[in-house]
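Colleague: Hey, dropping work_32.csv in here, CSV, C-alpha atoms:
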chain,number,residue,atom,x,y,z
A,1,MET,CA,-53.7,-86.3,-62.8
A,2,ALA,CA,-54.4,-83.6,-65.3
A,3,THR,CA,-51.5,-84.8,-67.5
A,4,ALA,CA,-53.3,-88.1,-68.0
A,5,LEU,CA,-56.3,-86.4,-69.7
A,6,ALA,CA,-56.5,-86.5,-73.4
A,7,GLU,CA,-56.6,-82.8,-74.3
A,8,THR,CA,-57.0,-83.2,-78.0
A,9,TRP,CA,-59.9,-85.3,-79.3
A,10,LEU,CA,-60.5,-86.3,-83.0
A,11,ILE,CA,-64.1,-87.2,-83.8
A,12,LEU,CA,-64.6,-89.6,-86.8
A,13,PRO,CA,-68.2,-90.2,-87.7
A,14,THR,CA,-68.4,-93.4,-89.8
A,15,TYR,CA,-71.0,-95.2,-91.9
A,16,ASN,CA,-69.7,-97.9,-94.2
A,17,GLU,CA,-66.1,-97.0,-94.0
A,18,ALA,CA,-64.7,-100.6,-93.5
A,19,ALA,CA,-62.3,-100.1,-96.5
A,20,ASN,CA,-60.8,-96.9,-95.0
A,21,ILE,CA,-61.0,-96.8,-91.2
A,22,GLU,CA,-58.1,-99.0,-90.2
A,23,ALA,CA,-55.5,-97.3,-92.4
A,24,PHE,CA,-57.0,-93.9,-91.6
A,25,VAL,CA,-56.7,-94.3,-87.8
A,26,GLU,CA,-53.1,-95.5,-88.2
A,27,ALA,CA,-52.4,-92.4,-90.3
A,28,VAL,CA,-54.0,-89.8,-87.9
A,29,ARG,CA,-52.4,-91.4,-84.8
A,30,SER,CA,-48.9,-90.3,-86.0
A,31,GLU,CA,-50.1,-86.8,-86.7
A,32,LEU,CA,-51.8,-86.0,-83.4
A,33,PRO,CA,-50.1,-84.9,-80.2
A,34,PRO,CA,-49.3,-87.5,-77.5
A,35,SER,CA,-52.2,-86.3,-75.3
A,36,ARG,CA,-54.9,-87.5,-77.8
A,37,ARG,CA,-58.1,-89.4,-78.1
A,38,ILE,CA,-59.6,-90.7,-81.3
A,39,LEU,CA,-63.3,-91.3,-81.1
A,40,ILE,CA,-65.0,-93.3,-83.9
A,41,VAL,CA,-68.7,-92.7,-83.9
A,42,ASP,CA,-70.3,-95.5,-85.9
A,43,ASP,CA,-74.0,-95.4,-86.9
A,44,SER,CA,-74.4,-99.2,-87.1
A,45,SER,CA,-72.6,-99.6,-90.4
A,46,PRO,CA,-73.8,-102.7,-92.2
A,47,ASP,CA,-70.4,-103.3,-93.8
A,48,GLY,CA,-68.7,-104.1,-90.4
A,49,THR,CA,-67.0,-100.7,-89.8
A,50,GLY,CA,-68.0,-100.9,-86.1
A,51,ARG,CA,-66.4,-104.3,-85.7
A,52,ILE,CA,-63.1,-103.1,-87.2
A,53,ALA,CA,-63.3,-100.0,-85.0
A,54,ASP,CA,-63.7,-102.2,-81.9
A,55,GLY,CA,-60.5,-104.0,-82.9
A,56,LEU,CA,-58.6,-100.8,-83.3
A,57,ALA,CA,-59.8,-99.7,-79.8
A,58,ALA,CA,-58.7,-103.0,-78.3
A,59,ALA,CA,-55.3,-102.6,-79.9
A,60,ASN,CA,-54.8,-98.9,-79.2
A,61,SER,CA,-55.4,-97.2,-75.8
A,62,ASP,CA,-56.0,-93.8,-77.5
A,63,VAL,CA,-58.9,-95.1,-79.6
A,64,GLU,CA,-62.5,-95.7,-78.5
A,65,VAL,CA,-65.7,-96.3,-80.3
A,66,LEU,CA,-69.2,-94.9,-79.8
A,67,HIS,CA,-71.8,-97.2,-81.3
A,68,ARG,CA,-75.1,-95.6,-82.3
A,69,PRO,CA,-78.2,-97.7,-83.0
A,70,ARG,CA,-79.0,-96.4,-86.5
A,71,LYS,CA,-78.0,-94.0,-89.2
A,72,GLU,CA,-79.2,-90.5,-88.3
A,73,GLY,CA,-76.8,-88.3,-90.3
A,74,LEU,CA,-73.6,-86.3,-89.8
A,75,GLY,CA,-75.0,-83.7,-87.4
A,76,PRO,CA,-76.3,-86.1,-84.7
A,77,ALA,CA,-73.2,-88.2,-84.9
A,78,TYR,CA,-70.9,-85.2,-84.4
A,79,ILE,CA,-73.1,-83.9,-81.5
A,80,ALA,CA,-72.8,-87.3,-79.8
A,81,GLY,CA,-69.0,-87.2,-80.3
A,82,PHE,CA,-68.6,-83.6,-79.2
A,83,GLU,CA,-70.6,-84.3,-76.0
A,84,THR,CA,-68.4,-87.3,-75.2
A,85,ALA,CA,-65.2,-85.3,-75.7
A,86,LEU,CA,-66.4,-82.4,-73.6
A,87,ALA,CA,-67.5,-84.7,-70.8
A,88,ALA,CA,-64.0,-86.2,-70.7
A,89,GLY,CA,-62.3,-82.8,-70.4
A,90,ALA,CA,-61.2,-82.1,-74.0
A,91,SER,CA,-59.5,-78.8,-74.7
A,92,LEU,CA,-59.4,-79.1,-78.5
A,93,VAL,CA,-61.9,-81.1,-80.6
A,94,LEU,CA,-61.1,-81.9,-84.2
A,95,GLU,CA,-63.4,-83.3,-86.9
A,96,MET,CA,-62.6,-84.7,-90.3
A,97,ASP,CA,-63.8,-87.3,-92.8
A,98,SER,CA,-62.3,-90.8,-92.4
A,99,ASP,CA,-62.0,-91.6,-96.1
A,100,PHE,CA,-58.7,-89.7,-96.8
A,101,SER,CA,-60.4,-86.8,-98.5
A,102,HIS,CA,-58.9,-84.8,-95.7
A,103,ASP,CA,-55.1,-85.3,-95.4
A,104,PRO,CA,-54.0,-86.5,-91.9
A,105,ALA,CA,-50.8,-84.5,-92.5
A,106,ASP,CA,-52.8,-81.3,-92.2
A,107,LEU,CA,-53.9,-82.0,-88.7
A,108,GLY,CA,-50.8,-80.3,-87.1
A,109,ARG,CA,-51.5,-77.1,-89.1
A,110,LEU,CA,-55.1,-76.9,-87.8
A,111,ILE,CA,-53.9,-77.5,-84.2
A,112,GLU,CA,-51.2,-74.9,-84.6
A,113,GLY,CA,-53.8,-72.4,-85.9
A,114,ALA,CA,-55.8,-72.9,-82.7
A,115,ARG,CA,-53.1,-71.0,-80.8
A,116,ASP,CA,-54.5,-67.8,-82.2
A,117,ALA,CA,-58.1,-68.7,-83.2
A,118,ASP,CA,-61.1,-70.4,-81.6
A,119,VAL,CA,-62.2,-72.3,-84.7
A,120,VAL,CA,-59.8,-73.4,-87.4
A,121,LEU,CA,-61.2,-74.5,-90.7
A,122,GLY,CA,-59.4,-76.6,-93.3
A,123,SER,CA,-60.4,-74.5,-96.3
A,124,ARG,CA,-60.5,-75.4,-100.0
A,125,TYR,CA,-61.4,-71.9,-101.1
A,126,VAL,CA,-58.7,-69.6,-99.7
A,127,GLU,CA,-55.4,-69.0,-101.4
A,128,GLY,CA,-53.3,-72.2,-101.4
A,129,GLY,CA,-56.3,-74.5,-101.0
A,130,GLY,CA,-57.8,-76.7,-103.7
A,131,ILE,CA,-59.6,-79.8,-104.8
A,132,GLU,CA,-58.2,-82.8,-106.6
A,133,GLU,CA,-60.0,-85.4,-108.8
A,134,TRP,CA,-63.4,-83.7,-108.9
A,135,SER,CA,-65.4,-83.0,-112.1
A,136,ALA,CA,-66.0,-79.5,-113.2
A,137,GLY,CA,-69.7,-79.8,-112.4
A,138,ARG,CA,-69.0,-80.9,-108.8
A,139,ARG,CA,-66.6,-78.1,-108.3
A,140,VAL,CA,-69.1,-75.5,-109.5
A,141,ILE,CA,-71.9,-76.9,-107.2
A,142,SER,CA,-69.6,-76.8,-104.2
A,143,ARG,CA,-68.4,-73.3,-104.8
A,144,LEU,CA,-72.0,-72.1,-105.4
A,145,GLY,CA,-73.1,-73.7,-102.2
A,146,CYS,CA,-70.4,-72.0,-100.2
A,147,ALA,CA,-71.1,-68.6,-101.9
A,148,TYR,CA,-74.9,-69.0,-101.3
A,149,ALA,CA,-74.4,-69.7,-97.6
A,150,ARG,CA,-71.8,-66.8,-97.3
A,151,PHE,CA,-74.2,-64.4,-99.0
A,152,ILE,CA,-77.3,-65.4,-97.0
A,153,LEU,CA,-75.5,-65.4,-93.7
A,154,GLY,CA,-73.4,-62.3,-94.3
A,155,VAL,CA,-70.1,-63.8,-93.1
A,156,PRO,CA,-66.6,-63.7,-94.6
A,157,VAL,CA,-65.8,-67.4,-94.4
A,158,ARG,CA,-65.1,-68.9,-97.8
A,159,ASP,CA,-65.5,-72.6,-97.1
A,160,LEU,CA,-68.6,-72.9,-94.9
A,161,THR,CA,-69.5,-76.5,-95.9
A,162,GLY,CA,-66.1,-78.1,-95.2
A,163,GLY,CA,-65.9,-80.7,-92.5
A,164,PHE,CA,-62.2,-80.5,-91.5
A,165,LYS,CA,-62.1,-78.4,-88.3
A,166,CYS,CA,-60.4,-77.7,-85.0
A,167,ILE,CA,-62.6,-76.2,-82.3
A,168,ARG,CA,-61.8,-75.0,-78.8
A,169,ALA,CA,-63.9,-76.7,-76.2
A,170,GLU,CA,-65.3,-73.5,-74.9
A,171,VAL,CA,-66.8,-72.7,-78.3
A,172,LEU,CA,-68.7,-76.0,-78.4
A,173,ARG,CA,-70.0,-75.4,-74.8
A,174,SER,CA,-71.2,-71.9,-75.6
A,175,ILE,CA,-73.0,-72.4,-78.9
A,176,ASP,CA,-75.6,-75.0,-77.7
A,177,ILE,CA,-74.6,-77.8,-80.0
A,178,GLU,CA,-77.5,-80.0,-78.8
A,179,SER,CA,-80.0,-77.7,-80.4
A,180,ILE,CA,-78.5,-77.7,-83.9
A,181,PRO,CA,-81.2,-79.4,-86.0
A,182,THR,CA,-79.4,-80.0,-89.2
A,183,HIS,CA,-78.4,-83.6,-90.1
A,184,GLY,CA,-76.2,-83.3,-93.2
A,185,TYR,CA,-73.5,-80.8,-94.4
A,186,ALA,CA,-75.6,-77.9,-93.2
A,187,PHE,CA,-74.4,-78.9,-89.8
A,188,GLN,CA,-71.0,-77.6,-90.8
A,189,ILE,CA,-72.4,-74.3,-91.8
A,190,GLU,CA,-74.4,-73.9,-88.6
A,191,THR,CA,-71.6,-74.6,-86.2
A,192,THR,CA,-69.3,-72.1,-87.8
A,193,TYR,CA,-72.1,-69.5,-88.1
A,194,ARG,CA,-73.0,-69.9,-84.4
A,195,ALA,CA,-69.3,-69.5,-83.5
A,196,LEU,CA,-69.1,-66.3,-85.5
A,197,ARG,CA,-72.3,-64.9,-84.0
A,198,ALA,CA,-70.9,-65.6,-80.6
A,199,GLY,CA,-67.8,-63.5,-81.4
A,200,TYR,CA,-65.3,-66.3,-81.7
A,201,ARG,CA,-62.3,-66.0,-84.0
A,202,VAL,CA,-62.5,-68.2,-87.1
A,203,LEU,CA,-59.3,-68.9,-89.1
A,204,GLU,CA,-59.2,-70.6,-92.5
A,205,VAL,CA,-56.1,-72.7,-93.2
A,206,PRO,CA,-55.6,-73.8,-96.9
A,207,ILE,CA,-55.9,-77.5,-97.5
A,208,THR,CA,-56.2,-79.7,-100.6
A,209,PHE,CA,-59.3,-81.9,-100.6
A,210,HIS,CA,-58.9,-85.3,-102.3
A,211,GLU,CA,-61.5,-87.7,-103.7
A,212,ARG,CA,-62.1,-90.5,-101.2
A,213,ARG,CA,-59.9,-93.6,-101.5
A,214,ALA,CA,-62.6,-96.2,-101.2
A,215,GLY,CA,-66.4,-96.5,-100.7
A,216,GLU,CA,-69.2,-94.2,-101.8
A,217,SER,CA,-69.8,-90.5,-101.1
A,218,LYS,CA,-72.5,-89.8,-98.5
A,219,MET,CA,-73.7,-86.7,-100.4
A,220,SER,CA,-77.3,-87.0,-101.7
A,221,PRO,CA,-80.0,-84.7,-103.2
A,222,SER,CA,-81.8,-84.6,-99.8
A,223,ILE,CA,-78.6,-83.5,-98.0
A,224,ALA,CA,-78.1,-80.8,-100.6
A,225,ALA,CA,-81.7,-79.7,-100.3
A,226,GLU,CA,-81.4,-79.5,-96.5
A,227,ALA,CA,-78.5,-77.1,-96.8
A,228,VAL,CA,-80.4,-74.9,-99.2
A,229,LEU,CA,-83.5,-74.7,-97.0
A,230,ARG,CA,-81.8,-74.5,-93.7
A,231,VAL,CA,-79.4,-71.6,-94.4
A,232,PRO,CA,-82.1,-68.9,-94.5
A,233,LEU,CA,-83.6,-70.4,-91.3
A,234,MET,CA,-80.2,-70.1,-89.5
A,235,ARG,CA,-80.3,-66.4,-90.4
A,236,ARG,CA,-83.9,-66.0,-89.3
A,237,ARG,CA,-83.2,-67.7,-85.9
A,238,ALA,CA,-80.1,-65.6,-85.4
A,239,SER,CA,-82.1,-62.4,-86.0
A,240,HIS,CA,-84.2,-63.2,-82.9
A,241,THR,CA,-81.2,-64.2,-80.8
A,242,PRO,CA,-78.8,-61.4,-79.6
A,243,SER,CA,-75.2,-62.1,-80.6
A,244,SER,CA,-72.4,-62.0,-78.0
I'd like the structure from this file rewritten - as structure tokens, please.

Modeller:
Amino acid sequence: MATALAETWLILPTYNEAANIEAFVEAVRSELPPSRRILIVDDSSPDGTGRIADGLAAANSDVEVLHRPRKEGLGPAYIAGFETALAAGASLVLEMDSDFSHDPADLGRLIEGARDADVVLGSRYVEGGGIEEWSAGRRVISRLGCAYARFILGVPVRDLTGGFKCIRAEVLRSIDIESIPTHGYAFQIETTYRALRAGYRVLEVPITFHERRAGESKMSPSIAAEAVLRVPLMRRRASHTPSS
């Protein structure tokens, strides 16, 4: 029966999130609608995250785990999760970090935004948004990265690198997610850019971004360099592909 399908899917890519994942899944379950599915995509975390995730799935019928054989980065993990959700008939697909840097209490606001938009972004850089517990230097680097991507791509979105999103299933089906080559945070830029190029409505909802509760940040110089180098390539590829 159609009513038995999980229409709203939350994709949680994990790598070494053993200190966060159990409390985080419990927190998001109470914020999602009854017709929900939480998919943990674990890249063989050496700290035992996958084992904890399996325990959560065994205890909760709305949780499942996709185990991947090795760490490949954010982009491939999200693509695997998106494909699983689409194959199962999802209507809305959400993504967020599983370390409490994104507040589970904001999930409802993103889902509500999807009533009038095709892609809803939890945005740090629109009025009402913000960041807590970051150094001044980190704030500057983040803002400059978003401004750089916005300028090169020529789009009005202010928080292009954010990873808290709610996306309609038809958007993911139409933007050829399997062909997105980026592995780090540039993946976030490219999914939003492709949606804009295809004519979909993108809405930014203000959120406050928090420092992770436990564990280490996955940001690295190579991930930042990928974003800097890939953004002009996105624009170049798009110039050879007619927009919708």

Colleague: Just the number, please: distance in Å from CA of Pro232 in chain A to CA of Leu153 in chain A, one decimal.

Modeller: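 Separating CA of Pro232 in chain A from CA of Leu153 in chain A is a distance of 7.5 Å.
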
Colleague: Which is closer to Val119 in chain A than all the others in A:Val93, A:Leu32, A:Ile141, A:Leu56, using only C-alpha atoms?

Modeller: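 Of A:Val93, A:Leu32, A:Ile141, A:Leu56, the one nearest Val119 in chain A, counting only C-alpha atoms, is A:Val93.
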
Colleague: Tell me which of A:Glu17, A:Glu211, A:Asp118, A:Glu204 sits closest to Arg139 in chain A, counting only C-alpha atoms.

Modeller: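 Nearest to Arg139 in chain A: A:Glu211.
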
Colleague: Distance CA of Leu233 in chain A-CA of Arg201 in chain A, one decimal place?

Modeller: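 Pair CA of Leu233 in chain A / CA of Arg201 in chain A returns 22.9 Å.
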
Colleague: Which value, in Å to one decimal, gives the distance between CA of Val205 in chain A and CA of Val171 in chain A?

Modeller: 18.3 Å

Colleague: Between A:Phe24, A:Phe209, A:Phe164, A:Tyr185, which is the closest to Arg124 in chain A once you count all atoms listed in the file?

Modeller: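 With all atoms listed in the file as the atom set, the closest residue is A:Phe209.
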
Colleague: When you count only C-alpha atoms, which of these residues is closest to Phe82 in chain A: A:Thr208, A:Thr49, A:Thr191, A:Ser123?

Modeller: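 When distances to Phe82 in chain A are compared using only C-alpha atoms, the smallest one comes from A:Thr191.
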
Colleague: Which residues come within 10 Å of Tyr125 in chain A, counting all atoms listed in the file, excluding same-chain residues fewer than 5 positions away, as a list of chain:residue names?

Modeller: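 Skipping anything fewer than 5 positions along the chain leaves A:Gly130, A:Ile131, A:Arg143, A:Cys146, A:Val157, A:Arg158, A:Asp159, A:Leu160, A:Gly162, A:Glu204, A:Val205, A:Pro206, A:Ile207, A:Thr208.
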
Colleague: Counting all atoms listed in the file, which residue out of A:Arg51, A:Arg115, A:Arg235, A:Arg37 sits closest to Cys166 in chain A?

Modeller: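 Answer, going by the shortest atom-to-atom distance: A:Arg115.
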
Colleague: Residues near Leu12 in chain A, anyone? I mean within 8 Å using only C-alpha atoms, not counting same-chain ones fewer than 3 positions away, as a list of chain:residue names.

Modeller: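 Answer for this query is A:Ile38, A:Leu39, A:Ile40, A:Val41, A:Glu95, A:Met96, A:Asp97, A:Ser98.
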
Colleague: A:Gly75, A:Pro69, A:Gly55, A:Gly199: which is nearest Asp42 in chain A, counting only C-alpha atoms?

Modeller: A:Pro69
